[in-house]
$ cat query.txt   # compact mmCIF, C-alpha atoms
# COMPACT_ATOMS: atom_id res chain seq x y z
CA MET G 1 272.90 111.18 52.92
CA THR G 2 271.27 110.53 49.58
CA ASP G 3 272.16 112.09 46.26
CA ARG G 4 270.07 114.89 44.89
CA VAL G 5 268.96 115.21 41.31
CA PRO G 6 270.40 118.44 39.82
CA VAL G 7 267.98 121.06 38.50
CA LEU G 8 269.67 123.06 35.72
CA LYS G 9 268.53 126.44 34.45
CA ILE G 10 268.80 127.27 30.74
CA GLY G 11 267.19 130.61 29.90
CA ASP G 12 263.66 130.41 31.24
CA VAL G 13 263.63 126.61 31.16
CA LEU G 14 264.57 124.29 34.01
CA LEU G 15 266.15 121.01 32.98
CA VAL G 16 265.98 117.98 35.26
CA SER G 17 268.01 115.09 33.92
CA ILE G 18 267.47 111.93 35.93
CA GLN G 19 270.51 109.73 35.52
CA THR G 20 270.06 106.96 38.07
CA ASP G 21 267.20 104.88 39.34
CA LEU G 22 265.41 106.95 41.94
CA GLU G 23 265.01 106.11 45.59
CA ASP G 24 261.90 107.34 47.31
CA GLN G 25 263.76 110.04 49.28
CA MET G 26 265.35 111.38 46.09
CA VAL G 27 261.92 111.67 44.53
CA LEU G 28 260.64 113.71 47.45
CA ASP G 29 263.77 115.92 47.47
CA LEU G 30 263.42 116.51 43.75
CA GLN G 31 259.81 117.58 44.15
CA GLU G 32 260.82 120.14 46.77
CA ASP G 33 263.92 121.39 44.90
CA LEU G 34 261.98 121.80 41.68
CA SER G 35 259.12 123.80 43.17
CA ASN G 36 261.61 126.05 45.01
CA ARG G 37 263.60 126.64 41.83
CA ILE G 38 260.54 127.43 39.74
CA VAL G 39 259.56 130.11 42.19
CA ALA G 40 263.15 131.40 42.57
CA THR G 41 263.88 131.63 38.83
CA GLY G 42 260.42 132.39 37.50
CA ALA G 43 260.89 129.64 34.91
CA ARG G 44 258.19 129.23 32.25
CA GLY G 45 259.00 125.62 31.39
CA VAL G 46 260.34 122.44 33.00
CA ILE G 47 261.81 119.53 31.10
CA ILE G 48 262.29 116.22 32.88
CA ASP G 49 264.59 113.92 30.94
CA ILE G 50 264.12 110.26 31.85
CA SER G 51 266.01 108.75 28.90
CA ALA G 52 268.47 107.09 31.28
CA LEU G 53 265.77 105.38 33.33
CA GLU G 54 265.23 101.72 32.62
CA ILE G 55 262.67 101.21 35.32
CA VAL G 56 259.82 103.55 36.18
CA ASP G 57 257.57 102.25 38.93
CA SER G 58 254.20 103.63 39.91
CA PHE G 59 255.80 105.88 42.54
CA VAL G 60 258.04 107.62 40.01
CA GLY G 61 255.13 107.69 37.55
CA ARG G 62 253.00 109.49 40.11
CA MET G 63 255.91 111.83 40.92
CA LEU G 64 256.01 112.88 37.26
CA ALA G 65 252.28 113.63 37.29
CA THR G 66 252.54 115.48 40.62
CA ASN G 67 255.49 117.58 39.43
CA ALA G 68 253.55 118.51 36.31
CA SER G 69 250.61 119.65 38.40
CA ILE G 70 252.81 121.60 40.84
CA SER G 71 254.64 123.46 38.09
CA ARG G 72 251.36 124.20 36.29
CA VAL G 73 250.11 125.83 39.49
CA LEU G 74 253.34 127.86 39.55
CA GLY G 75 252.87 128.92 35.92
CA ALA G 76 255.34 126.59 34.21
CA GLU G 77 254.67 123.84 31.64
CA THR G 78 256.26 120.45 32.33
CA ILE G 79 257.37 118.15 29.55
CA VAL G 80 258.65 114.64 30.18
CA VAL G 81 261.09 113.63 27.46
CA GLY G 82 263.00 110.55 26.37
CA MET G 83 260.80 107.80 27.78
CA ARG G 84 262.02 104.43 26.61
CA PRO G 85 259.65 102.06 24.78
CA ALA G 86 259.96 99.41 27.49
CA VAL G 87 259.17 101.98 30.17
CA ALA G 88 256.10 103.22 28.28
CA MET G 89 254.85 99.65 27.94
CA THR G 90 255.38 98.96 31.63
CA LEU G 91 253.48 102.09 32.64
CA VAL G 92 250.57 101.15 30.38
CA GLU G 93 250.48 97.68 31.90
CA LEU G 94 250.46 99.28 35.35
CA GLY G 95 247.45 101.30 34.25
CA LEU G 96 249.22 104.66 34.51
CA SER G 97 248.59 106.87 31.51
CA LEU G 98 250.29 110.04 32.83
CA ASP G 99 247.23 112.10 31.95
CA GLY G 100 247.96 115.79 32.13
CA VAL G 101 251.68 115.31 31.55
CA ARG G 102 253.02 116.50 28.23
CA THR G 103 255.58 114.23 26.65
CA ALA G 104 258.09 114.48 23.82
CA LEU G 105 260.35 111.98 22.14
CA ASN G 106 263.64 113.64 23.08
CA LEU G 107 265.10 116.79 24.60
CA GLU G 108 265.22 118.62 21.27
CA ARG G 109 261.57 117.92 20.53
CA GLY G 110 260.70 118.85 24.10
CA LEU G 111 262.34 122.25 23.80
CA GLY G 112 260.55 122.78 20.45
CA LEU G 113 257.22 121.92 22.06
CA LEU G 114 257.86 124.32 24.96
CA ARG G 115 258.69 127.13 22.56
CA ARG G 116 255.53 126.48 20.54
CA LEU G 117 253.44 126.41 23.70
CA GLN G 118 254.90 129.73 24.85
CA ALA G 119 254.46 131.25 21.40
CA SER G 120 250.80 130.26 21.28
CA ARG G 121 250.32 131.59 24.80
CA SER G 122 251.88 134.96 23.94
CA ASP G 123 249.80 135.05 20.71
CA ARG G 124 246.69 134.72 22.81
CA ALA G 125 247.86 137.29 25.33
CA MET X 1 265.81 32.15 33.49
CA ALA X 2 262.72 31.82 31.41
CA SER X 3 262.68 35.41 30.20
CA GLU X 4 266.29 35.13 29.02
CA GLU X 5 265.43 31.96 27.23
CA ASN X 6 262.45 33.69 25.69
CA THR X 7 264.62 36.57 24.56
CA ARG X 8 267.05 34.23 22.91
CA GLN X 9 264.29 32.39 21.10
CA LEU X 10 262.72 35.61 19.98
CA THR X 11 266.01 36.92 18.66
CA GLU X 12 266.57 33.72 16.75
CA ALA X 13 263.11 33.73 15.30
CA LEU X 14 263.40 37.35 14.27
CA SER X 15 266.88 37.02 12.75
CA ALA X 16 266.08 33.82 10.86
CA LYS X 17 263.36 35.25 8.70
CA ARG X 18 264.50 38.84 8.63
CA ASP X 19 263.97 39.50 4.91
CA GLU X 20 260.62 37.79 4.85
CA TYR X 21 259.32 39.70 7.87
CA THR X 22 260.54 43.11 6.77
CA ALA X 23 259.10 42.64 3.30
CA GLN X 24 255.76 41.66 4.76
CA TRP X 25 255.90 44.52 7.27
CA ALA X 26 256.59 47.08 4.56
CA LYS X 27 253.79 45.60 2.46
CA THR X 28 251.27 45.76 5.28
CA VAL X 29 252.15 49.36 6.10
CA GLY X 30 252.23 50.28 2.41
CA ARG X 31 248.69 49.00 2.06
CA SER X 32 247.44 51.13 4.96
CA LEU X 33 249.16 54.22 3.58
CA ARG X 34 247.56 53.59 0.16
CA GLY X 35 250.68 54.24 -1.87
CA ARG X 36 251.54 57.64 -0.48
CA LEU X 37 255.08 56.46 0.20
CA SER X 38 257.08 54.37 -2.29
CA SER X 39 257.59 50.72 -1.35
CA ALA X 40 261.36 51.05 -1.82
CA GLU X 41 261.46 53.82 0.75
CA LEU X 42 259.27 51.88 3.15
CA SER X 43 261.32 48.72 2.97
CA ARG X 44 264.53 50.68 3.52
CA GLU X 45 263.03 52.43 6.53
CA PHE X 46 261.64 49.25 8.06
CA GLY X 47 264.80 47.27 7.30
CA GLU X 48 266.77 49.70 9.43
CA LEU X 49 264.17 49.75 12.15
CA TYR X 50 263.87 45.97 12.20
CA ASP X 51 267.62 45.50 12.56
CA ALA X 52 267.72 47.99 15.39
CA ILE X 53 264.86 46.26 17.18
CA VAL X 54 266.42 42.81 16.80
CA GLN X 55 269.72 44.09 18.09
CA ALA X 56 268.09 45.77 21.07
CA VAL X 57 266.04 42.68 21.89
CA ALA X 58 269.17 40.50 21.70
CA GLU X 59 270.97 42.76 24.13
CA GLY X 60 268.10 43.40 26.43
CA ILE X 61 266.98 41.34 29.35
CA ALA X 62 263.70 43.13 29.83
CA LEU X 63 261.55 44.01 26.86
CA GLU X 64 261.05 47.55 28.01
CA GLY X 65 260.66 50.17 25.29
CA ARG X 66 262.02 53.00 27.41
CA GLY X 67 265.16 51.05 28.36
CA GLU X 68 268.73 52.01 27.62
CA GLN X 69 269.30 49.47 24.85
CA PHE X 70 266.39 50.83 22.81
CA ALA X 71 268.02 54.22 22.33
CA GLU X 72 268.76 53.58 18.66
CA VAL X 73 265.29 52.20 17.98
CA ARG X 74 263.80 55.25 19.62
CA SER X 75 265.88 57.69 17.60
CA LEU X 76 264.90 55.88 14.38
CA LEU X 77 261.24 55.96 15.39
CA ILE X 78 261.42 59.63 16.30
CA GLU X 79 262.94 60.34 12.91
CA LEU X 80 260.20 58.32 11.19
CA SER X 81 257.48 59.94 13.25
CA ARG X 82 258.72 63.45 12.51
CA SER X 83 258.89 62.91 8.78
CA ARG X 84 255.39 61.36 8.84
CA ALA X 85 254.05 64.32 10.80
CA ARG X 86 255.57 66.80 8.36
CA GLN X 87 254.17 64.93 5.37
CA GLY X 88 250.72 65.21 6.88
CA PHE X 89 249.99 61.62 7.90
CA THR X 90 247.54 61.06 10.74
CA PRO X 91 248.70 59.80 14.14
CA THR X 92 246.88 56.52 13.46
CA GLU X 93 248.82 55.97 10.25
CA THR X 94 252.06 56.70 12.03
CA ALA X 95 251.32 54.34 14.91
CA THR X 96 250.16 51.65 12.49
CA SER X 97 253.65 51.64 11.01
CA VAL X 98 254.90 50.08 14.22
CA LEU X 99 251.84 48.03 15.11
CA ALA X 100 251.83 46.36 11.69
CA LEU X 101 254.79 44.28 12.83
CA LYS X 102 252.50 42.58 15.32
CA GLU X 103 250.21 41.62 12.53
CA VAL X 104 253.12 40.11 10.62
CA LEU X 105 254.44 38.13 13.56
CA GLU X 106 251.18 36.92 14.99
CA PRO X 107 250.60 33.89 12.74
CA GLU X 108 254.30 32.99 12.87
CA LEU X 109 254.76 32.97 16.62
CA THR X 110 251.44 31.95 18.11
CA GLY X 111 251.71 28.34 16.92
CA SER X 112 252.83 27.01 20.30
CA ALA X 113 251.99 28.06 23.83
CA GLU X 114 255.57 29.16 24.42
CA GLY X 115 255.60 31.14 21.21
CA ALA X 116 252.39 32.86 22.24
CA GLN X 117 253.99 33.99 25.45
CA ILE X 118 256.97 35.39 23.60
CA TYR X 119 254.64 37.05 21.14
CA LEU X 120 252.72 38.75 23.95
CA GLN X 121 255.90 40.11 25.46
CA PHE X 122 257.07 41.38 22.13
CA ALA X 123 253.65 42.87 21.43
CA ARG X 124 253.87 44.84 24.65
CA LEU X 125 257.21 46.22 23.50
CA LEU X 126 255.71 47.23 20.18
CA ASP X 127 252.77 48.91 21.93
CA ASP X 128 255.24 50.89 23.94
CA LEU X 129 257.16 51.91 20.84
CA SER X 130 254.00 52.90 19.01
CA LEU X 131 253.01 55.13 21.90
CA LEU X 132 256.38 56.79 21.52
CA THR X 133 255.73 57.44 17.84
CA VAL X 134 252.34 58.96 18.54
CA GLU X 135 253.82 61.17 21.22
CA GLU X 136 256.55 62.34 18.89
CA HIS X 137 254.02 62.86 16.10
CA VAL X 138 251.96 65.16 18.32
CA LYS X 139 255.07 66.99 19.49
CA THR X 140 256.16 67.64 15.92
CA ARG X 141 252.72 68.91 14.96
CA GLU X 142 252.72 71.24 17.95
CA ALA X 143 256.16 72.55 17.02
CA ILE X 144 254.89 73.25 13.48
CA ILE X 145 251.83 75.07 14.81
CA SER X 146 253.78 77.25 17.23
CA SER X 147 256.37 78.17 14.60
CA GLN X 148 253.59 79.09 12.19
CA ALA X 149 251.91 81.23 14.84
CA GLU X 150 255.21 83.00 15.37
CA GLN X 151 255.62 83.59 11.64
CA LEU X 152 252.09 84.91 11.45
CA LEU X 153 252.81 87.31 14.28
CA GLU X 154 255.92 88.57 12.49
CA LEU X 155 254.14 88.86 9.15
CA SER X 156 251.06 90.62 10.34
CA THR X 157 252.55 93.54 12.25
CA PRO X 158 254.54 95.84 10.01
CA VAL X 159 255.24 99.42 11.07
CA VAL X 160 255.81 101.67 8.07
CA LYS X 161 257.16 105.15 7.77
CA LEU X 162 254.58 107.18 5.85
CA TRP X 163 256.36 110.53 5.85
CA ASP X 164 259.12 112.29 7.74
CA GLY X 165 257.87 112.21 11.30
CA VAL X 166 254.79 110.09 10.54
CA VAL X 167 254.64 106.32 11.00
CA GLY X 168 251.70 104.03 10.23
CA VAL X 169 250.65 100.66 11.64
CA PRO X 170 248.28 98.82 9.30
CA LEU X 171 246.73 96.19 11.55
CA VAL X 172 245.39 93.03 9.90
CA GLY X 173 243.50 90.38 11.86
CA THR X 174 242.24 90.40 15.42
CA LEU X 175 244.19 91.89 18.30
CA ASP X 176 244.93 89.73 21.30
CA SER X 177 247.25 90.61 24.14
CA ALA X 178 250.25 88.82 22.61
CA ARG X 179 249.86 90.69 19.33
CA THR X 180 249.26 93.99 21.08
CA GLN X 181 252.54 93.50 22.87
CA VAL X 182 254.39 92.94 19.59
CA VAL X 183 252.65 95.84 17.83
CA MET X 184 253.34 98.18 20.73
CA GLU X 185 256.97 97.17 20.95
CA LYS X 186 257.51 97.65 17.22
CA LEU X 187 255.62 100.94 17.07
CA LEU X 188 257.46 102.50 20.01
CA GLN X 189 260.85 101.37 18.75
CA THR X 190 260.07 102.76 15.29
CA LEU X 191 259.04 106.07 16.83
CA VAL X 192 262.46 106.30 18.47
CA ASP X 193 264.36 105.09 15.40
CA THR X 194 262.67 107.44 12.93
CA ASP X 195 262.33 110.37 15.36
CA SER X 196 258.62 110.56 14.57
CA THR X 197 256.00 112.70 16.27
CA HIS X 198 252.90 111.17 14.71
CA ALA X 199 251.61 107.64 14.64
CA ILE X 200 248.58 106.35 12.76
CA VAL X 201 247.06 103.00 13.75
CA ASP X 202 244.95 101.79 10.85
CA ILE X 203 242.35 99.16 11.72
CA THR X 204 240.86 98.64 8.25
CA GLY X 205 242.03 95.01 8.39
CA VAL X 206 240.63 94.31 11.85
CA PRO X 207 237.43 92.31 11.31
CA THR X 208 235.69 93.12 14.60
CA VAL X 209 236.23 95.55 17.43
CA ASP X 210 234.91 94.41 20.79
CA THR X 211 235.73 95.81 24.21
CA GLN X 212 238.79 93.59 24.45
CA VAL X 213 240.24 94.80 21.14
CA ALA X 214 239.39 98.42 21.98
CA GLN X 215 241.20 98.01 25.28
CA HIS X 216 244.30 96.83 23.46
CA LEU X 217 244.07 99.68 20.96
CA LEU X 218 243.80 102.19 23.78
CA LYS X 219 246.85 100.75 25.50
CA THR X 220 248.87 101.10 22.31
CA VAL X 221 247.77 104.70 21.82
CA VAL X 222 248.50 105.65 25.44
CA ALA X 223 251.96 104.10 25.25
CA ALA X 224 252.74 106.01 22.05
CA ARG X 225 251.52 109.20 23.70
CA MET X 226 253.81 108.70 26.65
CA MET X 227 256.68 108.55 24.18
CA GLY X 228 255.62 111.98 23.01
CA ALA X 229 253.88 111.00 19.78
CA GLN X 230 250.39 111.99 18.71
CA CYS X 231 248.44 108.90 17.88
CA THR X 232 245.41 108.63 15.59
CA ILE X 233 243.22 105.62 14.96
CA SER X 234 242.05 105.39 11.36
CA GLY X 235 240.23 102.98 9.06
CA ILE X 236 237.06 102.68 11.10
CA ARG X 237 234.44 101.09 8.87
CA PRO X 238 230.76 102.07 9.22
CA GLN X 239 229.79 98.79 10.90
CA ILE X 240 232.71 99.09 13.30
CA ALA X 241 231.67 102.63 14.22
CA GLN X 242 228.17 101.34 14.94
CA THR X 243 229.54 98.49 17.06
CA ILE X 244 231.77 100.85 19.00
CA VAL X 245 228.87 103.10 19.84
CA ALA X 246 226.56 100.18 20.62
CA LEU X 247 229.10 98.68 23.00
CA GLY X 248 229.62 102.06 24.64
CA ILE X 249 233.37 102.05 24.03
CA GLU X 250 234.91 105.42 24.84
CA PHE X 251 237.97 106.44 22.90
CA GLY X 252 238.19 109.58 25.01
CA ASP X 253 240.29 112.33 23.47
CA ILE X 254 242.02 109.99 21.04
CA PRO X 255 241.40 111.32 17.54
CA THR X 256 239.75 108.83 15.18
CA LYS X 257 239.38 109.11 11.42
CA ALA X 258 237.40 107.16 8.84
CA THR X 259 240.28 106.55 6.46
CA LEU X 260 244.05 106.42 6.53
CA ALA X 261 244.10 109.29 4.01
CA ASP X 262 242.20 111.57 6.40
CA ALA X 263 244.54 110.70 9.26
CA LEU X 264 247.61 111.25 7.10
CA ARG X 265 246.34 114.64 5.90
CA GLU X 266 245.74 115.69 9.50
CA ALA X 267 249.19 114.50 10.58
CA LEU X 268 250.93 116.24 7.69
CA THR X 269 249.13 119.49 8.44
CA GLU X 270 250.25 119.25 12.03
CA VAL X 271 253.85 118.46 11.04
CA GLY X 272 253.78 121.44 8.65
CA ARG X 273 252.42 123.72 11.35
CA GLN X 274 255.14 122.65 13.75
CA ALA X 275 257.89 123.18 11.17
CA GLU X 276 256.48 126.62 10.40
CA SER X 277 256.47 127.68 14.04
CA ASP X 278 259.96 126.25 14.48
CA VAL X 279 261.18 128.40 11.60
CA ARG X 280 259.43 131.43 13.07
CA GLY X 281 261.15 130.70 16.38
CA LEU X 282 264.54 130.80 14.65
CA LEU X 283 263.91 134.13 12.93
$ encode --input "query.txt" --output "structure tokens"
Amino acid sequence: MTDRVPVLKIGDVLLVSIQTDLEDQMVLDLQEDLSNRIVATGARGVIIDISALEIVDSFVGRMLATNASISRVLGAETIVVGMRPAVAMTLVELGLSLDGVRTALNLERGLGLLRRLQASRSDRA
Amino acid sequence: MASEENTRQLTEALSAKRDEYTAQWAKTVGRSLRGRLSSAELSREFGELYDAIVQAVAEGIALEGRGEQFAEVRSLLIELSRSRARQGFTPTETATSVLALKEVLEPELTGSAEGAQIYLQFARLLDDLSLLTVEEHVKTREAIISSQAEQLLELSTPVVKLWDGVVGVPLVGTLDSARTQVVMEKLLQTLVDTDSTHAIVDITGVPTVDTQVAQHLLKTVVAARMMGAQCTISGIRPQIAQTIVALGIEFGDIPTKATLADALREALTEVGRQAESDVRGLL
């Protein structure tokens, strides 16, 4: 039995903090858990914290992009926070640019960005 | 054995007229260097070298430059070769330092048939040693070049903090993949260290932008974006803009500005807007 990545709810934001290097099964479980939780809680934002990850391969990179798309379909913005410089450089070398995924330097900035996005959305509404 | 006998004779001949030979050697080399090294220095250097060679020859059975007994000679030659390389002498001038000894010994030894044979053996040894000096000379020059390239890399890629939350990278010189790596590394680390949300890459000092350079620029911008920073490219000169369009390079949705000032103004406005909305969120 593999570990699952916890999905934490804070207000209307879901926080996914990835602490260990991900195996493929964990990635698939996470994708399922996250989409279920978004629907169950009606969350408006998702923050995926990858500050503990030293290695991000193309599979995980694609998972991030897929999760962002899934949550957008479900009406939540996804922000990936805390990417390490070395990880960013590796992804660029791999040719992955994570288009369509919003990023922020750290959790604090990520929460700020989410709030601004929601504010601008409610302004428009 | 004949070779042992030869060695003994050679050692005797070399030891007997040591002062005369070294003086002549130093003079011959001094002439070829045209006074760029003082004669006192030369004769000291060659005195040491000569003694080491004589000692090695006396010990050695085979006159083989790479042999064990020539260790001291080699270390002296390496020393000499390195200092010559650093002072900017050519490889020829460095090798001549060793080969000049042949010139000195030739008239002395080639009188008899036996002497000629010894001379030829000794000449082969000197050829070997001179090859060693040339090799070392080249090695030293290469070490100098690579250390200078490293220094240049360090010098030419500063990342500066322009404002709270805004960092700038003034690029000077062309971008190749090695430099892009260094620039990227420094920029991303600075973003983390200074908790910045905006980065401005200024290419005023980049002489030409071809597809290769543009590719590297794009990589840097994409990497900074993945860290959560907004990245602007500034300092695009009119000719560069024309080249970019002519080459069909697409910067996509990456904002570009003509001057660093424009980019900074834009970044500051954005930072201000964010701070404002953060304050509104707190109220």
$ interface_residues --input "query.txt" --of "chain G" --to "chain X" --cutoff "10 Å" --atoms "only C-alpha atoms" --output "JSON, numbers by chain"
{"G": [79, 80, 81, 82, 83, 84, 85, 86, 87, 88, 89, 90, 91, 92, 93, 95, 96, 97, 98, 99, 101, 102, 103, 104, 105, 106, 109, 110, 112, 113, 115, 116, 119, 120]}
$ atom_distance --input "query.txt" --atom1 "atom CA of Asp57 of chain G" --atom2 "atom CA of Val27 of chain G"
11.8 Å
$ residues_around --input "query.txt" --residues "Ser35 of chain G" --least-positions-apart "5" --cutoff "8 Å" --atoms "all atoms listed in the file" --output "ChimeraX atom specification"
/G:70-71,74
$ write_last_selection --input "query.txt" --atoms "C-alpha atoms" --output "short mmCIF file (atom, residue, chain, number, x, y, z; two decimals), in the coordinates of the input"
data_model
loop_
_atom_site.label_atom_id
_atom_site.label_comp_id
_atom_site.auth_asym_id
_atom_site.auth_seq_id
_atom_site.Cartn_x
_atom_site.Cartn_y
_atom_site.Cartn_z
CA ILE G 70 252.81 121.60 40.84
CA SER G 71 254.64 123.46 38.09
CA LEU G 74 253.34 127.86 39.55
#
$ atom_distance --input "query.txt" --atom1 "atom CA of Val159 of chain X" --atom2 "atom CA of Gly61 of chain G"
27.7 Å
$ closest_residue --input "query.txt" --among "X:Thr96, X:His198, X:Glu59, X:Leu260" --to "Pro170 of chain X" --atoms "only C-alpha atoms"
X:Leu260
$ axis_aligned_box --input "query.txt" --around "segment 205-224 of chain X" --padding-each-side "5 Å" --output "AutoDock Vina command-line options"
--center_x 243.8 --center_y 99.2 --center_z 16.9 --size_x 27.8 --size_y 23.7 --size_z 27.1
$ residues_around --input "query.txt" --residues "Asp21 of chain G" --least-positions-apart "5" --cutoff "8 Å" --atoms "only C-alpha atoms" --output "list in words"
Leu53, Glu54 and Ile55 of chain G
$ closest_residue --input "query.txt" --among "G:Ile47, G:Val13, G:Leu94, G:Ile38" --to "Val73 of chain G" --atoms "only C-alpha atoms"
G:Ile38
$ atom_distance --input "query.txt" --atom1 "atom CA of Thr90 of chain X" --atom2 "atom CA of Glu142 of chain X"
13.5 Å
$ residues_near_point --input "query.txt" --point "(262.5, 118.0, 46.4)" --cutoff "12 Å" --atoms "only C-alpha atoms" --output "ChimeraX atom specification"
/G:2-7,16,24-38,63,66-67,70
$ closest_residue --input "query.txt" --among "X:Leu105, X:Ala56, X:Ala149, X:Ala261" --to "Thr11 of chain X" --atoms "all atoms listed in the file"
X:Ala56
$ residues_near_point --input "query.txt" --point "(246.6, 91.0, 19.5)" --cutoff "12 Å" --atoms "only C-alpha atoms" --output "VMD selection string"
chain X and resid 152 to 154 156 to 157 171 to 184 206 209 212 to 217 219 to 220
$ decode --input "query.txt" --residues "segment 21-36 of chain G" --atoms "N, CA and C atoms" --output "tab-separated table (two decimals), in the first residue's frame"
chain	number	residue	atom	x	y	z
G	21	ASP	N	9.48	12.51	-2.63
G	21	ASP	CA	9.48	12.26	-4.07
G	21	ASP	C	8.32	11.33	-4.42
G	22	LEU	N	7.63	11.65	-5.50
G	22	LEU	CA	6.39	10.96	-5.81
G	22	LEU	C	6.60	9.71	-6.66
G	23	GLU	N	5.92	8.64	-6.26
G	23	GLU	CA	5.87	7.49	-7.16
G	23	GLU	C	4.66	7.66	-8.07
G	24	ASP	N	4.68	6.92	-9.16
G	24	ASP	CA	3.64	7.13	-10.16
G	24	ASP	C	2.24	6.89	-9.59
G	25	GLN	N	2.10	5.86	-8.72
G	25	GLN	CA	0.78	5.56	-8.15
G	25	GLN	C	0.29	6.71	-7.28
G	26	MET	N	1.24	7.31	-6.51
G	26	MET	CA	0.87	8.43	-5.65
G	26	MET	C	0.36	9.60	-6.48
G	27	VAL	N	0.98	9.82	-7.62
G	27	VAL	CA	0.57	10.90	-8.50
G	27	VAL	C	-0.87	10.69	-8.96
G	28	LEU	N	-1.17	9.46	-9.34
G	28	LEU	CA	-2.52	9.16	-9.82
G	28	LEU	C	-3.55	9.28	-8.70
G	29	ASP	N	-3.17	8.77	-7.49
G	29	ASP	CA	-4.06	8.89	-6.32
G	29	ASP	C	-4.34	10.35	-6.02
G	30	LEU	N	-3.27	11.15	-6.05
G	30	LEU	CA	-3.41	12.57	-5.72
G	30	LEU	C	-4.40	13.24	-6.67
G	31	GLN	N	-4.26	12.92	-7.96
G	31	GLN	CA	-5.13	13.52	-8.96
G	31	GLN	C	-6.60	13.23	-8.63
G	32	GLU	N	-6.85	11.97	-8.24
G	32	GLU	CA	-8.22	11.56	-7.93
G	32	GLU	C	-8.73	12.22	-6.66
G	33	ASP	N	-7.86	12.16	-5.58
G	33	ASP	CA	-8.24	12.77	-4.29
G	33	ASP	C	-8.58	14.24	-4.48
G	34	LEU	N	-7.70	14.94	-5.22
G	34	LEU	CA	-7.85	16.38	-5.35
G	34	LEU	C	-9.15	16.73	-6.05
G	35	SER	N	-9.45	16.04	-7.15
G	35	SER	CA	-10.68	16.39	-7.88
G	35	SER	C	-11.91	16.08	-7.02
G	36	ASN	N	-11.86	14.95	-6.26
G	36	ASN	CA	-12.98	14.64	-5.35
G	36	ASN	C	-13.17	15.74	-4.31
